[in-house]
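The structure appears right after this line, and notes come after that.
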Amino acid sequence: MDQIIIGWIVAFFITFYSMPVIIQIAEDKKLYDIPDERKIHKNPISSLGGIGIFAGLIVSCLLTISFSINSEFQYYLLSFLIMFFLGVKDDILVISAHKKFIGQLFAAVILVFKGNLVITSMHGFMGVTQIDQSVAILLSIFTILVIINAFNLIDGVDGLAGTVASVTAIVVGVIFAINKDWPYATMAFCLAGALASFLIYNYQPARIFMGDTGSMLLGTACAILVIRLIELGPTYTTLPISASPAMGFGIVLIPLLDTLRVFALRILKRRSPFSPDRNHLHHFLLDRGLNHRTVAILIGAGSLFFALLALILQPLGSTISIGIQVVIFFATIYTLYITKTRIVMRVVKRNGITETKIITERKTVKLVSLFSKEKGRVVEEN
């Protein structure tokens, strides 16, 4: 227990005190995430916050986890390093999607083959128990890649990815701690400590973003924790997780299903799955007039709800539990979709200044045409 507390404190303060330094360096070197038509934020903000999260997580793990006893952790940290350098390059210079995927695949292969992070059994999900080794390897690599990209793509609102990852780390960390799986509990709380201080700077109004460095790091760490829980959950004695696939699925359900849902919609429309749109869950909530902080807290609470639901539904088995979770998620998405406010963009002129206005379908707006002697035709909101 001491190592968990020390790990959380070290991670928190390293990340907390590194953030002002990173913000100042970003300002001096003009390393900003510049707003454009795809971005929600209005002002240039640094997206290098993942560097601080990385520093807090790595140093705290090195100080509190014995690598000689838990040799797989050296490969976990290697995968973090890969995500770190890949993310920093993307945040500063921008790299193509396929190069980013190759880096993610390389990290996933290291975790599976060297870190032995493999899902060897489905523990009764869809009637499947032990699975073939080659299938287990492919399933594990696929799971890691999907979780990494789920956290990468959900990072669209101030504080959102950090809040969801914090819920994941705390829930899994508590389960590991209760069952005395100390190294993994320590890693989970080191991650939670780094995120706790980062969110101080990232909640609206955000002073810094985590960028791809942070989101891919979170995805990698959460993938490790979730696969560990799925693999060993049923073997625990104090708090056995008999339906571990359902528990692991529930913990990352919102980023996972939201990403898969949006990808499927884009592919059905014959678009790239990585092309931008406003179909994510956080877009639906923003369109209802909620601010970033409220959206992050609501989705974080939703993640906690599904994790607790999976825990409660364990006696029903993984198949029924996952089925119930999926139905609730898509029922919620459908409700939000059919009741969402449609956004209409209009160019208007107010006090001689032409600007873009957002008008919702719930407001009655009368548009009248005016003719400026100098600039030609403009439209004014009446």
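Naming scheme: A, B, ... for chains in displayed order of the structure tokens; residues 1 onward per chain; ligands 1 onward as shown.
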If you run DSSP on this backbone, which residues of region 157-285 of chain A come out as helix (DSSP H, G or I), and could you give them as a PDB file with C-alpha atoms, in the first residue's frame?
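Saved file out29.pdb follows:
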```pdb
ATOM      1  CA  LEU A 160     -12.388  14.522 -21.417  1.00  0.00           C
ATOM      2  CA  ALA A 161      -9.666  11.968 -22.186  1.00  0.00           C
ATOM      3  CA  GLY A 162      -7.975  12.646 -18.843  1.00  0.00           C
ATOM      4  CA  THR A 163     -11.227  12.199 -16.920  1.00  0.00           C
ATOM      5  CA  VAL A 164     -12.157   8.922 -18.651  1.00  0.00           C
ATOM      6  CA  ALA A 165      -8.614   7.547 -18.228  1.00  0.00           C
ATOM      7  CA  SER A 166      -8.661   8.573 -14.540  1.00  0.00           C
ATOM      8  CA  VAL A 167     -11.874   6.594 -13.992  1.00  0.00           C
ATOM      9  CA  THR A 168     -10.307   3.596 -15.750  1.00  0.00           C
ATOM     10  CA  ALA A 169      -7.097   3.794 -13.710  1.00  0.00           C
ATOM     11  CA  ILE A 170      -8.851   4.240 -10.357  1.00  0.00           C
ATOM     12  CA  VAL A 171     -11.431   1.462 -10.885  1.00  0.00           C
ATOM     13  CA  VAL A 172      -8.844  -1.041 -12.100  1.00  0.00           C
ATOM     14  CA  GLY A 173      -6.341   0.094  -9.475  1.00  0.00           C
ATOM     15  CA  VAL A 174      -8.821  -0.471  -6.649  1.00  0.00           C
ATOM     16  CA  ILE A 175      -9.598  -3.985  -7.929  1.00  0.00           C
ATOM     17  CA  PHE A 176      -5.875  -4.793  -8.167  1.00  0.00           C
ATOM     18  CA  ALA A 177      -5.204  -3.357  -4.687  1.00  0.00           C
ATOM     19  CA  ILE A 178      -8.058  -5.315  -3.067  1.00  0.00           C
ATOM     20  CA  TRP A 182       0.475  -4.532  -6.024  1.00  0.00           C
ATOM     21  CA  PRO A 183       2.649  -3.797  -9.102  1.00  0.00           C
ATOM     22  CA  TYR A 184      -0.354  -3.242 -11.365  1.00  0.00           C
ATOM     23  CA  ALA A 185      -2.256  -1.364  -8.665  1.00  0.00           C
ATOM     24  CA  THR A 186       0.784   0.898  -8.283  1.00  0.00           C
ATOM     25  CA  MET A 187       0.994   1.533 -12.017  1.00  0.00           C
ATOM     26  CA  ALA A 188      -2.726   2.364 -12.118  1.00  0.00           C
ATOM     27  CA  PHE A 189      -2.461   4.891  -9.294  1.00  0.00           C
ATOM     28  CA  CYS A 190       0.735   6.401 -10.718  1.00  0.00           C
ATOM     29  CA  LEU A 191      -1.269   7.072 -13.876  1.00  0.00           C
ATOM     30  CA  ALA A 192      -4.158   8.475 -11.819  1.00  0.00           C
ATOM     31  CA  GLY A 193      -1.770  10.772  -9.924  1.00  0.00           C
ATOM     32  CA  ALA A 194      -0.241  12.178 -13.113  1.00  0.00           C
ATOM     33  CA  LEU A 195      -3.709  12.760 -14.582  1.00  0.00           C
ATOM     34  CA  ALA A 196      -5.023  14.424 -11.421  1.00  0.00           C
ATOM     35  CA  SER A 197      -2.455  17.223 -11.694  1.00  0.00           C
ATOM     36  CA  PHE A 198      -2.713  17.463 -15.486  1.00  0.00           C
ATOM     37  CA  LEU A 199      -6.488  18.011 -15.273  1.00  0.00           C
ATOM     38  CA  ILE A 200      -5.890  21.090 -13.106  1.00  0.00           C
ATOM     39  CA  TYR A 201      -4.393  22.700 -16.220  1.00  0.00           C
ATOM     40  CA  ASN A 202      -6.634  20.950 -18.759  1.00  0.00           C
ATOM     41  CA  GLY A 211      -1.911  16.071 -27.514  1.00  0.00           C
ATOM     42  CA  ASP A 212      -1.244  12.748 -29.181  1.00  0.00           C
ATOM     43  CA  THR A 213       1.671  12.235 -26.788  1.00  0.00           C
ATOM     44  CA  GLY A 214      -0.726  12.081 -23.863  1.00  0.00           C
ATOM     45  CA  SER A 215      -3.722  10.381 -25.487  1.00  0.00           C
ATOM     46  CA  MET A 216      -1.700   7.521 -26.987  1.00  0.00           C
ATOM     47  CA  LEU A 217       0.184   7.100 -23.714  1.00  0.00           C
ATOM     48  CA  LEU A 218      -3.134   6.866 -21.840  1.00  0.00           C
ATOM     49  CA  GLY A 219      -4.469   4.364 -24.352  1.00  0.00           C
ATOM     50  CA  THR A 220      -1.379   2.182 -24.004  1.00  0.00           C
ATOM     51  CA  ALA A 221      -1.455   2.253 -20.188  1.00  0.00           C
ATOM     52  CA  CYS A 222      -5.202   1.550 -20.045  1.00  0.00           C
ATOM     53  CA  ALA A 223      -4.826  -1.315 -22.537  1.00  0.00           C
ATOM     54  CA  ILE A 224      -2.191  -2.913 -20.287  1.00  0.00           C
ATOM     55  CA  LEU A 225      -4.391  -2.560 -17.189  1.00  0.00           C
ATOM     56  CA  VAL A 226      -7.563  -3.827 -18.892  1.00  0.00           C
ATOM     57  CA  ILE A 227      -5.897  -6.875 -20.488  1.00  0.00           C
ATOM     58  CA  ARG A 228      -4.301  -7.756 -17.141  1.00  0.00           C
ATOM     59  CA  LEU A 229      -7.733  -7.578 -15.517  1.00  0.00           C
ATOM     60  CA  ILE A 230      -9.349  -9.728 -18.232  1.00  0.00           C
ATOM     61  CA  GLU A 231      -6.621 -12.333 -18.039  1.00  0.00           C
ATOM     62  CA  LEU A 232      -6.256 -12.700 -14.250  1.00  0.00           C
ATOM     63  CA  GLY A 233      -9.565 -11.366 -12.893  1.00  0.00           C
ATOM     64  CA  PRO A 234     -11.203 -14.791 -12.426  1.00  0.00           C
ATOM     65  CA  THR A 235      -8.160 -16.063 -10.484  1.00  0.00           C
ATOM     66  CA  SER A 244     -13.665 -10.338 -16.548  1.00  0.00           C
ATOM     67  CA  PRO A 245     -14.258  -9.716 -20.299  1.00  0.00           C
ATOM     68  CA  ALA A 246     -17.453  -7.824 -19.415  1.00  0.00           C
ATOM     69  CA  MET A 247     -15.649  -5.907 -16.674  1.00  0.00           C
ATOM     70  CA  GLY A 248     -12.752  -4.962 -18.941  1.00  0.00           C
ATOM     71  CA  PHE A 249     -15.162  -3.994 -21.700  1.00  0.00           C
ATOM     72  CA  GLY A 250     -17.309  -1.899 -19.373  1.00  0.00           C
ATOM     73  CA  ILE A 251     -14.359   0.073 -18.032  1.00  0.00           C
ATOM     74  CA  LEU A 253     -16.851   1.027 -23.103  1.00  0.00           C
ATOM     75  CA  ILE A 254     -17.534   4.689 -23.888  1.00  0.00           C
ATOM     76  CA  PRO A 255     -14.307   5.538 -25.766  1.00  0.00           C
ATOM     77  CA  LEU A 256     -14.260   2.075 -27.354  1.00  0.00           C
ATOM     78  CA  LEU A 257     -17.828   1.900 -28.663  1.00  0.00           C
ATOM     79  CA  ASP A 258     -17.956   5.576 -29.556  1.00  0.00           C
ATOM     80  CA  THR A 259     -14.852   5.201 -31.723  1.00  0.00           C
ATOM     81  CA  LEU A 260     -16.071   1.999 -33.399  1.00  0.00           C
ATOM     82  CA  ARG A 261     -19.497   3.577 -34.002  1.00  0.00           C
ATOM     83  CA  VAL A 262     -18.037   6.706 -35.614  1.00  0.00           C
ATOM     84  CA  PHE A 263     -15.619   4.639 -37.719  1.00  0.00           C
ATOM     85  CA  ALA A 264     -18.494   2.476 -38.962  1.00  0.00           C
ATOM     86  CA  LEU A 265     -20.583   5.532 -39.899  1.00  0.00           C
ATOM     87  CA  ARG A 266     -17.701   7.089 -41.844  1.00  0.00           C
ATOM     88  CA  ILE A 267     -16.945   3.845 -43.690  1.00  0.00           C
ATOM     89  CA  LEU A 268     -20.633   3.405 -44.590  1.00  0.00           C
ATOM     90  CA  LEU A 281     -20.690  11.539 -28.165  1.00  0.00           C
ATOM     91  CA  HIS A 282     -19.048  14.720 -26.891  1.00  0.00           C
ATOM     92  CA  HIS A 283     -20.253  16.579 -30.012  1.00  0.00           C
ATOM     93  CA  PHE A 284     -23.848  15.576 -29.252  1.00  0.00           C
ATOM     94  CA  LEU A 285     -23.491  16.947 -25.729  1.00  0.00           C
TER      95      LEU A 285
END
```
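Between CA of Val128 (chain A) and CA of Gln325 (chain A) there is a distance of 19.3 Å.
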